[in-house]
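K.L.:
Just one file: entry07.pdb, with PDB, C-alpha atoms.
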MODEL        1
ATOM      1  CA  MET A   1      66.068  23.158 141.718
ATOM      2  CA  GLY A   2      66.757  26.418 140.201
ATOM      3  CA  SER A   3      69.600  24.996 138.174
ATOM      4  CA  SER A   4      67.349  22.276 136.757
ATOM      5  CA  ARG A   5      64.768  24.870 135.734
ATOM      6  CA  LYS A   6      67.387  26.939 134.068
ATOM      7  CA  ARG A   7      68.587  23.866 132.169
ATOM      8  CA  GLN A   8      65.059  23.102 130.970
ATOM      9  CA  THR A   9      64.503  26.624 129.778
ATOM     10  CA  SER A  10      67.809  26.636 127.935
ATOM     11  CA  SER A  11      66.971  23.350 126.285
ATOM     12  CA  SER A  12      63.566  24.592 125.284
ATOM     13  CA  SER A  13      65.083  27.761 123.871
ATOM     14  CA  ASP A  14      67.630  25.739 121.937
ATOM     15  CA  SER A  15      64.937  23.557 120.494
ATOM     16  CA  SER A  16      62.892  26.545 119.430
ATOM     17  CA  SER A  17      65.911  28.205 117.843
ATOM     18  CA  SER A  18      66.814  25.051 116.007
ATOM     19  CA  ALA A  19      63.248  24.725 114.774
ATOM     20  CA  SER A  20      63.301  28.286 113.497
ATOM     21  CA  ASP A  21      66.654  27.780 111.703
ATOM     22  CA  SER A  22      65.494  24.686 109.767
ATOM     23  CA  PRO A  23      64.431  25.464 106.081
ATOM     24  CA  VAL A  24      60.761  25.501 105.153
ATOM     25  CA  PRO A  25      59.939  23.263 102.124
ATOM     26  CA  VAL A  26      58.679  25.272  99.031
ATOM     27  CA  ARG A  27      56.113  23.769  96.652
ATOM     28  CA  LYS A  28      57.230  23.897  92.960
ATOM     29  CA  GLN A  29      54.810  25.373  90.394
ATOM     30  CA  LYS A  30      54.224  23.785  86.989
ATOM     31  CA  ARG A  31      55.791  25.722  84.074
ATOM     32  CA  ASP A  32      53.391  27.019  81.458
ATOM     33  CA  SER A  33      54.371  25.825  77.950
ATOM     34  CA  SER A  34      52.275  28.400  76.102
ATOM     35  CA  PRO A  35      54.307  31.330  74.606
ATOM     36  CA  PRO A  36      54.026  34.713  76.246
ATOM     37  CA  PRO A  37      51.642  37.157  74.661
ATOM     38  CA  ARG A  38      53.219  39.340  72.008
ATOM     39  CA  ARG A  39      53.559  42.985  72.589
ATOM     40  CA  GLN A  40      51.346  45.093  70.432
ATOM     41  CA  ASP A  41      53.437  47.677  68.626
ATOM     42  CA  SER A  42      51.672  50.603  67.085
ATOM     43  CA  ARG A  43      54.391  50.905  64.411
ATOM     44  CA  SER A  44      53.938  47.287  63.284
ATOM     45  CA  ASN A  45      50.214  47.853  63.100
ATOM     46  CA  ARG A  46      50.772  50.819  60.802
ATOM     47  CA  ASN A  47      53.140  48.865  58.548
ATOM     48  CA  SER A  48      50.822  45.872  58.380
ATOM     49  CA  SER A  49      48.098  47.817  56.631
ATOM     50  CA  PRO A  50      47.639  46.941  52.897
ATOM     51  CA  ARG A  51      48.166  50.523  51.821
ATOM     52  CA  ARG A  52      51.450  50.772  53.731
ATOM     53  CA  GLN A  53      52.659  47.433  52.320
ATOM     54  CA  SER A  54      52.011  48.506  48.733
ATOM     55  CA  PHE A  55      53.945  51.727  49.375
ATOM     56  CA  ASN A  56      56.879  49.786  50.797
ATOM     57  CA  ASN A  57      56.902  47.415  47.816
ATOM     58  CA  SER A  58      56.939  50.293  45.352
ATOM     59  CA  GLN A  59      59.693  51.960  47.328
ATOM     60  CA  ASN A  60      61.803  48.808  47.244
ATOM     61  CA  ARG A  61      61.265  48.437  43.503
ATOM     62  CA  SER A  62      62.322  52.008  42.868
ATOM     63  CA  LEU A  63      65.533  51.510  44.823
ATOM     64  CA  ASN A  64      66.267  48.315  42.874
ATOM     65  CA  THR A  65      68.327  46.753  45.649
ATOM     66  CA  SER A  66      69.872  43.707  43.994
ATOM     67  CA  MET A  67      72.351  41.143  45.274
ATOM     68  CA  ASN A  68      75.184  43.201  43.771
ATOM     69  CA  THR A  69      74.453  46.166  46.061
ATOM     70  CA  PRO A  70      76.982  46.386  48.894
ATOM     71  CA  SER A  71      75.659  45.519  52.350
ATOM     72  CA  LYS A  72      76.475  48.951  53.718
ATOM     73  CA  TYR A  73      73.828  50.507  51.434
ATOM     74  CA  VAL A  74      71.087  47.928  52.064
ATOM     75  CA  GLY A  75      68.761  49.227  54.777
ATOM     76  CA  GLY A  76      70.845  52.381  55.095
ATOM     77  CA  ASP A  77      70.435  55.918  53.913
ATOM     78  CA  ARG A  78      68.098  56.244  50.931
ATOM     79  CA  ALA A  79      70.040  59.117  49.368
ATOM     80  CA  ALA A  80      73.317  57.182  49.577
ATOM     81  CA  LEU A  81      71.716  54.135  47.963
ATOM     82  CA  GLU A  82      70.256  56.171  45.123
ATOM     83  CA  SER A  83      73.571  57.873  44.458
ATOM     84  CA  TYR A  84      75.296  54.491  44.410
ATOM     85  CA  LEU A  85      72.804  53.099  41.888
ATOM     86  CA  ILE A  86      73.213  56.155  39.686
ATOM     87  CA  GLU A  87      76.985  55.826  39.805
ATOM     88  CA  ARG A  88      76.782  52.116  38.964
ATOM     89  CA  LYS A  89      74.532  52.835  35.991
ATOM     90  CA  ARG A  90      76.932  55.510  34.744
ATOM     91  CA  ARG A  91      79.866  53.126  34.993
ATOM     92  CA  LYS A  92      77.964  50.477  33.047
ATOM     93  CA  GLU A  93      77.191  52.988  30.299
ATOM     94  CA  ASP A  94      80.857  53.983  30.168
ATOM     95  CA  ARG A  95      81.910  50.337  29.801
ATOM     96  CA  ASP A  96      79.378  49.792  27.003
ATOM     97  CA  ALA A  97      80.596  52.920  25.227
ATOM     98  CA  GLU A  98      84.197  51.713  25.460
ATOM     99  CA  LYS A  99      83.201  48.340  23.999
ATOM    100  CA  ASN A 100      81.420  50.025  21.086
ATOM    101  CA  ASP A 101      84.374  52.295  20.429
ATOM    102  CA  SER A 102      86.789  49.374  20.440
ATOM    103  CA  ALA A 103      84.539  47.407  18.065
ATOM    104  CA  LYS A 104      84.357  50.372  15.676
ATOM    105  CA  GLU A 105      88.116  50.795  15.828
ATOM    106  CA  ASP A 106      88.666  47.096  15.039
ATOM    107  CA  LYS A 107      86.268  47.320  12.123
ATOM    108  CA  ARG A 108      88.030  50.423  10.792
ATOM    109  CA  ARG A 109      91.400  48.695  11.027
ATOM    110  CA  LYS A 110      90.107  45.641   9.181
ATOM    111  CA  GLU A 111      88.628  47.796   6.405
ATOM    112  CA  LYS A 112      91.857  49.752   6.080
ATOM    113  CA  LYS A 113      93.861  46.529   5.975
ATOM    114  CA  GLU A 114      91.568  45.082   3.299
ATOM    115  CA  LYS A 115      91.769  48.294   1.288
ATOM    116  CA  ASP A 116      95.559  48.315   1.480
ATOM    117  CA  ARG A 117      95.644  44.692   0.409
ATOM    118  CA  LYS A 118      93.529  45.472  -2.659
ATOM    119  CA  MET A 119      95.604  48.519  -3.547
ATOM    120  CA  LYS A 120      98.841  46.584  -3.267
ATOM    121  CA  PRO A 121      99.947  45.263  -6.677
ATOM    122  CA  ASP A 122     100.050  41.535  -7.211
ATOM    123  CA  LYS A 123     103.500  39.973  -7.346
ATOM    124  CA  ASN A 124     102.463  37.896 -10.348
ATOM    125  CA  ASP A 125     101.557  41.061 -12.252
ATOM    126  CA  GLU A 126     105.019  42.481 -11.700
ATOM    127  CA  LYS A 127     106.618  39.410 -13.250
ATOM    128  CA  LYS A 128     104.471  39.535 -16.406
ATOM    129  CA  ASP A 129     106.257  40.142 -19.641
ATOM    130  CA  LEU A 130     104.554  43.051 -21.366
ATOM    131  CA  THR A 131     105.887  41.974 -24.745
ATOM    132  CA  ALA A 132     104.329  38.497 -24.508
ATOM    133  CA  PRO A 133     101.076  37.874 -26.416
ATOM    134  CA  ASN A 134      97.780  38.040 -24.516
ATOM    135  CA  PHE A 135      95.697  34.879 -24.839
ATOM    136  CA  GLU A 136      92.988  35.897 -22.332
ATOM    137  CA  LYS A 137      89.276  35.995 -23.269
ATOM    138  CA  SER A 138      88.069  39.226 -24.828
ATOM    139  CA  GLY A 139      84.830  40.689 -26.121
ATOM    140  CA  LYS A 140      82.602  37.964 -27.467
ATOM    141  CA  LEU A 141      84.248  35.147 -25.516
ATOM    142  CA  THR A 142      83.451  36.712 -22.133
ATOM    143  CA  GLU A 143      79.697  36.380 -22.635
ATOM    144  CA  ASP A 144      79.718  32.991 -20.899
ATOM    145  CA  ARG A 145      80.328  34.766 -17.575
ATOM    146  CA  ASN A 146      76.816  36.264 -17.695
ATOM    147  CA  THR A 147      74.897  33.263 -16.389
ATOM    148  CA  TYR A 148      71.624  32.882 -14.479
ATOM    149  CA  LYS A 149      70.363  29.579 -13.016
ATOM    150  CA  GLY A 150      73.146  27.790 -14.880
ATOM    151  CA  ILE A 151      72.098  29.217 -18.281
ATOM    152  CA  VAL A 152      74.333  31.560 -20.270
ATOM    153  CA  ILE A 153      72.581  34.860 -21.061
ATOM    154  CA  LYS A 154      73.236  36.116 -24.582
ATOM    155  CA  TYR A 155      72.606  39.713 -23.595
ATOM    156  CA  SER A 156      73.947  42.115 -20.964
ATOM    157  CA  GLU A 157      72.495  45.553 -20.232
ATOM    158  CA  PRO A 158      74.399  48.634 -21.454
ATOM    159  CA  PRO A 159      75.696  51.355 -19.099
ATOM    160  CA  GLU A 160      72.885  53.704 -20.159
ATOM    161  CA  ALA A 161      70.176  51.287 -18.971
ATOM    162  CA  ARG A 162      67.572  53.026 -16.804
ATOM    163  CA  ILE A 163      64.170  52.313 -15.245
ATOM    164  CA  PRO A 164      61.612  54.555 -16.985
ATOM    165  CA  LYS A 165      59.347  56.992 -15.197
ATOM    166  CA  THR A 166      56.762  56.707 -17.968
ATOM    167  CA  LYS A 167      54.454  53.729 -17.385
ATOM    168  CA  TRP A 168      54.945  51.787 -20.612
ATOM    169  CA  ARG A 169      52.726  48.790 -21.366
ATOM    170  CA  LEU A 170      52.454  45.953 -23.858
ATOM    171  CA  TYR A 171      48.981  44.985 -25.073
ATOM    172  CA  PRO A 172      49.157  41.485 -26.624
ATOM    173  CA  PHE A 173      46.573  40.323 -29.173
ATOM    174  CA  LYS A 174      46.059  36.843 -30.626
ATOM    175  CA  GLY A 175      43.846  37.393 -33.626
ATOM    176  CA  ASP A 176      40.703  39.067 -32.266
ATOM    177  CA  GLU A 177      41.406  37.888 -28.702
ATOM    178  CA  THR A 178      42.805  40.402 -26.200
ATOM    179  CA  LEU A 179      45.315  38.941 -23.732
ATOM    180  CA  PRO A 180      46.275  40.323 -20.296
ATOM    181  CA  THR A 181      48.209  43.597 -20.301
ATOM    182  CA  MET A 182      51.949  43.516 -19.523
ATOM    183  CA  TYR A 183      53.386  46.389 -17.490
ATOM    184  CA  ILE A 184      57.000  46.918 -18.551
ATOM    185  CA  HIS A 185      57.966  50.069 -16.615
ATOM    186  CA  ARG A 186      59.181  48.371 -13.416
ATOM    187  CA  ASN A 187      62.544  47.140 -14.789
ATOM    188  CA  SER A 188      65.153  48.503 -17.160
ATOM    189  CA  GLY A 189      65.090  45.491 -19.483
ATOM    190  CA  TYR A 190      62.891  42.511 -20.431
ATOM    191  CA  LEU A 191      64.174  39.294 -22.029
ATOM    192  CA  ILE A 192      61.787  37.546 -24.450
ATOM    193  CA  GLY A 193      61.960  33.892 -25.500
ATOM    194  CA  ARG A 194      60.950  30.259 -24.881
ATOM    195  CA  GLU A 195      63.364  29.566 -21.963
ATOM    196  CA  ARG A 196      60.979  30.244 -19.077
ATOM    197  CA  LYS A 197      63.719  29.855 -16.439
ATOM    198  CA  ILE A 198      65.382  33.103 -17.475
ATOM    199  CA  VAL A 199      63.008  35.130 -19.700
ATOM    200  CA  ASP A 200      60.743  37.925 -18.463
ATOM    201  CA  ILE A 201      58.171  37.684 -21.266
ATOM    202  CA  PRO A 202      57.630  34.091 -22.464
ATOM    203  CA  ALA A 203      57.134  33.398 -26.172
ATOM    204  CA  ASP A 204      56.101  29.730 -26.400
ATOM    205  CA  HIS A 205      55.617  29.501 -30.168
ATOM    206  CA  PRO A 206      57.881  26.831 -31.745
ATOM    207  CA  SER A 207      59.296  29.372 -34.203
ATOM    208  CA  CYS A 208      60.649  31.522 -31.330
ATOM    209  CA  SER A 209      64.144  30.979 -29.954
ATOM    210  CA  SER A 210      64.968  30.307 -26.321
ATOM    211  CA  GLN A 211      66.417  33.833 -26.075
ATOM    212  CA  HIS A 212      64.700  35.604 -28.932
ATOM    213  CA  ALA A 213      64.780  39.368 -28.288
ATOM    214  CA  VAL A 214      65.012  42.018 -25.585
ATOM    215  CA  ILE A 215      63.215  45.281 -24.789
ATOM    216  CA  GLN A 216      65.723  47.691 -23.260
ATOM    217  CA  PHE A 217      65.104  51.131 -21.706
ATOM    218  CA  ARG A 218      68.029  53.496 -22.344
ATOM    219  CA  LEU A 219      68.895  57.036 -21.302
ATOM    220  CA  VAL A 220      69.599  58.828 -24.595
ATOM    221  CA  ASP A 221      69.748  62.367 -25.939
ATOM    222  CA  HIS A 222      66.428  63.917 -26.806
ATOM    223  CA  VAL A 223      65.483  67.075 -28.685
ATOM    224  CA  ARG A 224      62.438  68.963 -27.440
ATOM    225  CA  GLN A 225      59.938  70.696 -29.706
ATOM    226  CA  ASP A 226      61.554  74.054 -29.002
ATOM    227  CA  GLY A 227      64.929  72.675 -30.164
ATOM    228  CA  SER A 228      66.575  72.390 -26.738
ATOM    229  CA  GLN A 229      68.655  69.343 -25.883
ATOM    230  CA  THR A 230      67.865  67.015 -22.964
ATOM    231  CA  GLN A 231      68.046  63.357 -22.006
ATOM    232  CA  LYS A 232      65.140  60.946 -21.861
ATOM    233  CA  VAL A 233      64.591  57.249 -21.108
ATOM    234  CA  LYS A 234      63.184  55.515 -24.202
ATOM    235  CA  PRO A 235      62.329  51.863 -25.010
ATOM    236  CA  TYR A 236      64.343  49.967 -27.632
ATOM    237  CA  LEU A 237      63.991  46.546 -29.268
ATOM    238  CA  MET A 238      66.915  44.246 -30.121
ATOM    239  CA  ASP A 239      66.827  40.847 -31.811
ATOM    240  CA  LEU A 240      69.296  38.397 -30.220
ATOM    241  CA  GLU A 241      70.208  36.605 -33.453
ATOM    242  CA  SER A 242      67.050  34.519 -33.317
ATOM    243  CA  THR A 243      66.358  31.819 -35.900
ATOM    244  CA  ASN A 244      63.229  33.373 -37.394
ATOM    245  CA  GLY A 245      63.833  37.019 -36.536
ATOM    246  CA  SER A 246      61.779  39.809 -34.925
ATOM    247  CA  PHE A 247      59.413  42.219 -36.673
ATOM    248  CA  LEU A 248      58.678  45.885 -35.954
ATOM    249  CA  ASN A 249      55.531  47.118 -37.717
ATOM    250  CA  ASN A 250      55.689  44.010 -39.968
ATOM    251  CA  VAL A 251      59.296  44.809 -40.992
ATOM    252  CA  LYS A 252      62.071  42.387 -40.020
ATOM    253  CA  ILE A 253      64.829  44.070 -38.010
ATOM    254  CA  GLU A 254      68.549  43.339 -38.089
ATOM    255  CA  PRO A 255      69.972  41.330 -35.184
ATOM    256  CA  ARG A 256      72.140  42.884 -32.480
ATOM    257  CA  ARG A 257      70.913  46.402 -33.214
ATOM    258  CA  TYR A 258      68.749  48.764 -31.175
ATOM    259  CA  TYR A 259      65.473  49.969 -32.703
ATOM    260  CA  GLU A 260      63.520  52.671 -30.884
ATOM    261  CA  LEU A 261      59.974  51.720 -29.936
ATOM    262  CA  LYS A 262      57.426  54.491 -30.298
ATOM    263  CA  GLU A 263      53.855  54.815 -29.131
ATOM    264  CA  ARG A 264      51.417  52.452 -30.962
ATOM    265  CA  ASP A 265      54.223  50.379 -32.564
ATOM    266  CA  ILE A 266      53.463  46.684 -33.217
ATOM    267  CA  VAL A 267      56.033  43.975 -32.423
ATOM    268  CA  LYS A 268      56.009  40.307 -33.507
ATOM    269  CA  PHE A 269      58.413  37.428 -32.857
ATOM    270  CA  GLY A 270      59.106  34.590 -35.302
ATOM    271  CA  PHE A 271      56.018  33.168 -37.042
ATOM    272  CA  SER A 272      53.789  33.624 -34.004
ATOM    273  CA  THR A 273      50.409  35.217 -34.645
ATOM    274  CA  ARG A 274      50.621  37.213 -31.434
ATOM    275  CA  GLU A 275      51.034  40.955 -31.836
ATOM    276  CA  TYR A 276      52.278  43.284 -29.091
ATOM    277  CA  VAL A 277      51.170  46.920 -29.177
ATOM    278  CA  ILE A 278      53.256  49.298 -27.052
ATOM    279  CA  LEU A 279      51.481  52.192 -25.307
ATOM    280  CA  HIS A 280      51.807  54.218 -22.087
ATOM    281  CA  GLU A 281      49.473  55.833 -19.555
ATOM    282  CA  ARG A 282      49.302  59.168 -21.447
ATOM    283  CA  THR A 283      48.117  57.547 -24.649
ATOM    284  CA  GLU A 284      44.600  58.627 -25.610
ATOM    285  CA  GLY A 285      42.013  55.986 -24.827
ATOM    286  CA  VAL A 286      44.254  54.117 -22.360
ATOM    287  CA  MET A 287      42.868  53.660 -18.865
ATOM    288  CA  GLU A 288      44.954  54.942 -15.913
ATOM    289  CA  THR A 289      44.783  51.628 -14.029
ATOM    290  CA  GLU A 290      47.840  49.617 -13.039
ATOM    291  CA  SER A 291      48.111  46.051 -11.770
TER     292      SER A 291
ENDMDL
END
How does the structure come out when it is put into structure tokens?

P.N.:
Amino acid sequence: MGSSRKRQTSSSSDSSSSASDSPVPVRKQKRDSSPPPRRQDSRSNRNSSPRRQSFNNSQNRSLNTSMNTPSKYVGGDRAALESYLIERKRRKEDRDAEKNDSAKEDKRRKEKKEKDRKMKPDKNDEKKDLTAPNFEKSGKLTEDRNTYKGIVIKYSEPPEARIPKTKWRLYPFKGDETLPTMYIHRNSGYLIGRERKIVDIPADHPSCSSQHAVIQFRLVDHVRQDGSQTQKVKPYLMDLESTNGSFLNNVKIEPRRYYELKERDIVKFGFSTREYVILHERTEGVMETES
């Protein structure tokens, strides 16, 4: 009897222990798909302000961090980055200076080489026989080299040609009619004739030649009123072997010869009725205007 009771109690205790050792089922919770709330950082709030952003942008622009900047300087020490940029700029300036120096040196060498080539005598000149006659063009025959727009100019300016400081003018008259004033102080010489492609002062009358005459300013010796010697630029007239000649104060002048033009002189060309009176700005009764 007692043994049976003990067996029942042991069985009941075993059942209770087995029940306590069995695992208890746990109910699974559904996972929330929404992201976790972000952490509010006071530093990010300070940087997100518009004023702080503008300061950062200006700071980045001043540093000028380009793709060529090494990675160790990007986001690193500001002083090291600035020193690197300064050093890079200095190196670039040194390279540019070396390029300029090399270009100047090449140019100097080329000029020296060209100068030496010109100074070197021609081999053909060395082989010339000095006793042989010279059949090259001389004097009058070389005038055909002075061409303009395909037309041979009969006249070439002398070495003493100068632009005058005195404002000389030509006042043309056709009978009682006054024509526009011609200002002839801006150049050293003026070609007159019917060939409008090359002349400076056209003379369209049929009796005038294509290259009739020239007014030339020359630097010549001049004697002052006190007897002292000096040089002065004066106007001169030359007839270029025209068919009907040129006239100074109604007197026909010889061709290919300079005649000095003085204040209030009258010039005519061929049989044209036009008269040209030469004056300057200091002439009495002449206005000080200039076109």

K.L.:
Counting only C-alpha atoms, what is within 9 Å of Leu170 (chain A), bar same-chain residues fewer than 6 positions away, as an MDAnalysis selection string?

P.N.:
chainID A and resid 181:184 276:280

K.L.:
With the PyMOL selection byres ((chain A and resi 202) around 6) as the selection, what would be picked from this file? Answer as a PyMOL selection string, please.

P.N.:
chain A and resi 192-194+201+203

K.L.:
Taking only C-alpha atoms into account, which of A:Pro255, A:Gly245, A:Gly227, A:Pro164 comes nearest Phe269 (chain A)?

P.N.:
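That would be A:Gly245, the residue with the smallest distance to Phe269 (chain A).
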
K.L.:
Thr273 (chain A): which residues within 8 Å, counting all atoms listed in the file, same-chain residues fewer than 4 positions away excluded, as JSON, numbers by chain?

P.N.:
{"A": [174, 175, 268]}

K.L.:
Given the selection you just returned, output its residues as a file containing C-alpha atoms, formatted as an mmCIF file, keeping the file's coordinate frame.

P.N.:
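File produced: part-v1.cif:
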data_model
loop_
_atom_site.group_PDB
_atom_site.id
_atom_site.type_symbol
_atom_site.label_atom_id
_atom_site.label_comp_id
_atom_site.auth_asym_id
_atom_site.auth_seq_id
_atom_site.Cartn_x
_atom_site.Cartn_y
_atom_site.Cartn_z
ATOM 1 C CA LYS A 174 46.059 36.843 -30.626
ATOM 2 C CA GLY A 175 43.846 37.393 -33.626
ATOM 3 C CA LYS A 268 56.009 40.307 -33.507
#

K.L.:
Give me, please, the distance in Å between CA of Phe271 (chain A) and CA of Ser207 (chain A), quoted to one decimal.

P.N.:
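Going from CA of Phe271 (chain A) over to CA of Ser207 (chain A) covers 5.8 Å.
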
K.L.:
For Leu240 (chain A), work out the shell of residues within 10 Å, counting only C-alpha atoms and skipping chain neighbours fewer than 5 positions away, then give it as an MDAnalysis selection string.

P.N.:
chainID A and resid 154:155 191:193 209:214 245:246 254:257

K.L.:
To one decimal place in Å, what is the distance between CA of His222 (chain A) and CA of Lys234 (chain A)?

P.N.:
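Going from CA of His222 (chain A) over to CA of Lys234 (chain A) covers 9.4 Å.
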
K.L.:
Between CA of Thr243 (chain A) and CA of Val267 (chain A), what is the distance in Å, rounded to a tenth?

P.N.:
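CA of Val267 (chain A) lies 16.3 Å from CA of Thr243 (chain A).
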
K.L.:
Could you list, as a VMD selection string, every residue within 10 Å of Asn187 (chain A), counting only C-alpha atoms and ignoring same-chain residues fewer than 6 positions away?

P.N.:
chain A and resid 161 to 164 216 to 217

K.L.:
Pick out the residues sitting within 8 Å of Leu248 (chain A), and hand them over as a PDB file with C-alpha atoms, in the frame of the given file; count all atoms listed in the file, and ignore anything fewer than 3 positions along from it in its own chain.

P.N.:
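The result, written out as out15.pdb:
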ATOM      1  CA  VAL A 251      59.296  44.809 -40.992  1.00  0.00           C
ATOM      2  CA  LYS A 252      62.071  42.387 -40.020  1.00  0.00           C
ATOM      3  CA  ILE A 253      64.829  44.070 -38.010  1.00  0.00           C
ATOM      4  CA  ASP A 265      54.223  50.379 -32.564  1.00  0.00           C
ATOM      5  CA  ILE A 266      53.463  46.684 -33.217  1.00  0.00           C
ATOM      6  CA  VAL A 267      56.033  43.975 -32.423  1.00  0.00           C
ATOM      7  CA  LYS A 268      56.009  40.307 -33.507  1.00  0.00           C
TER       8      LYS A 268
END

K.L.:
Could you write out as a PyMOL selection string the residues that the PyMOL selection byres ((chain A and resi 261) around 6) matches in the shown file?

P.N.:
chain A and resi 235-236+260+262

K.L.:
Convert the current residue selection to file output with C-alpha atoms, as an mmCIF file, in the frame of the given file.

P.N.:
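Okay, selection05.cif is ready:
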data_model
loop_
_atom_site.group_PDB
_atom_site.id
_atom_site.type_symbol
_atom_site.label_atom_id
_atom_site.label_comp_id
_atom_site.auth_asym_id
_atom_site.auth_seq_id
_atom_site.Cartn_x
_atom_site.Cartn_y
_atom_site.Cartn_z
ATOM 1 C CA PRO A 235 62.329 51.863 -25.010
ATOM 2 C CA TYR A 236 64.343 49.967 -27.632
ATOM 3 C CA GLU A 260 63.520 52.671 -30.884
ATOM 4 C CA LYS A 262 57.426 54.491 -30.298
#

K.L.:
Select, from A:His185, A:Ile198, A:Tyr84, A:Arg264, the residue with the minimum atom-to-atom distance to Asn146 (chain A), counting all atoms listed in the file.

P.N.:
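Closest to Asn146 (chain A), using all atoms listed in the file: A:Ile198.
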
K.L.:
Run through the PyMOL selection byres ((chain A and resi 197) around 9) on the given coordinates and return the selected residues as an MDAnalysis selection string.

P.N.:
chainID A and resid 148:149 151 194:196 198:200

K.L.:
Draw an axis-aligned box tight on the listed atoms of region 170-177 of chain A, then pad every side by 5 Å and write out centre and edge lengths in Å to one decimal as JSON.

P.N.:
{"center_x": 46.6, "center_y": 41.4, "center_z": -28.7, "size_x": 21.8, "size_y": 19.1, "size_z": 19.8}
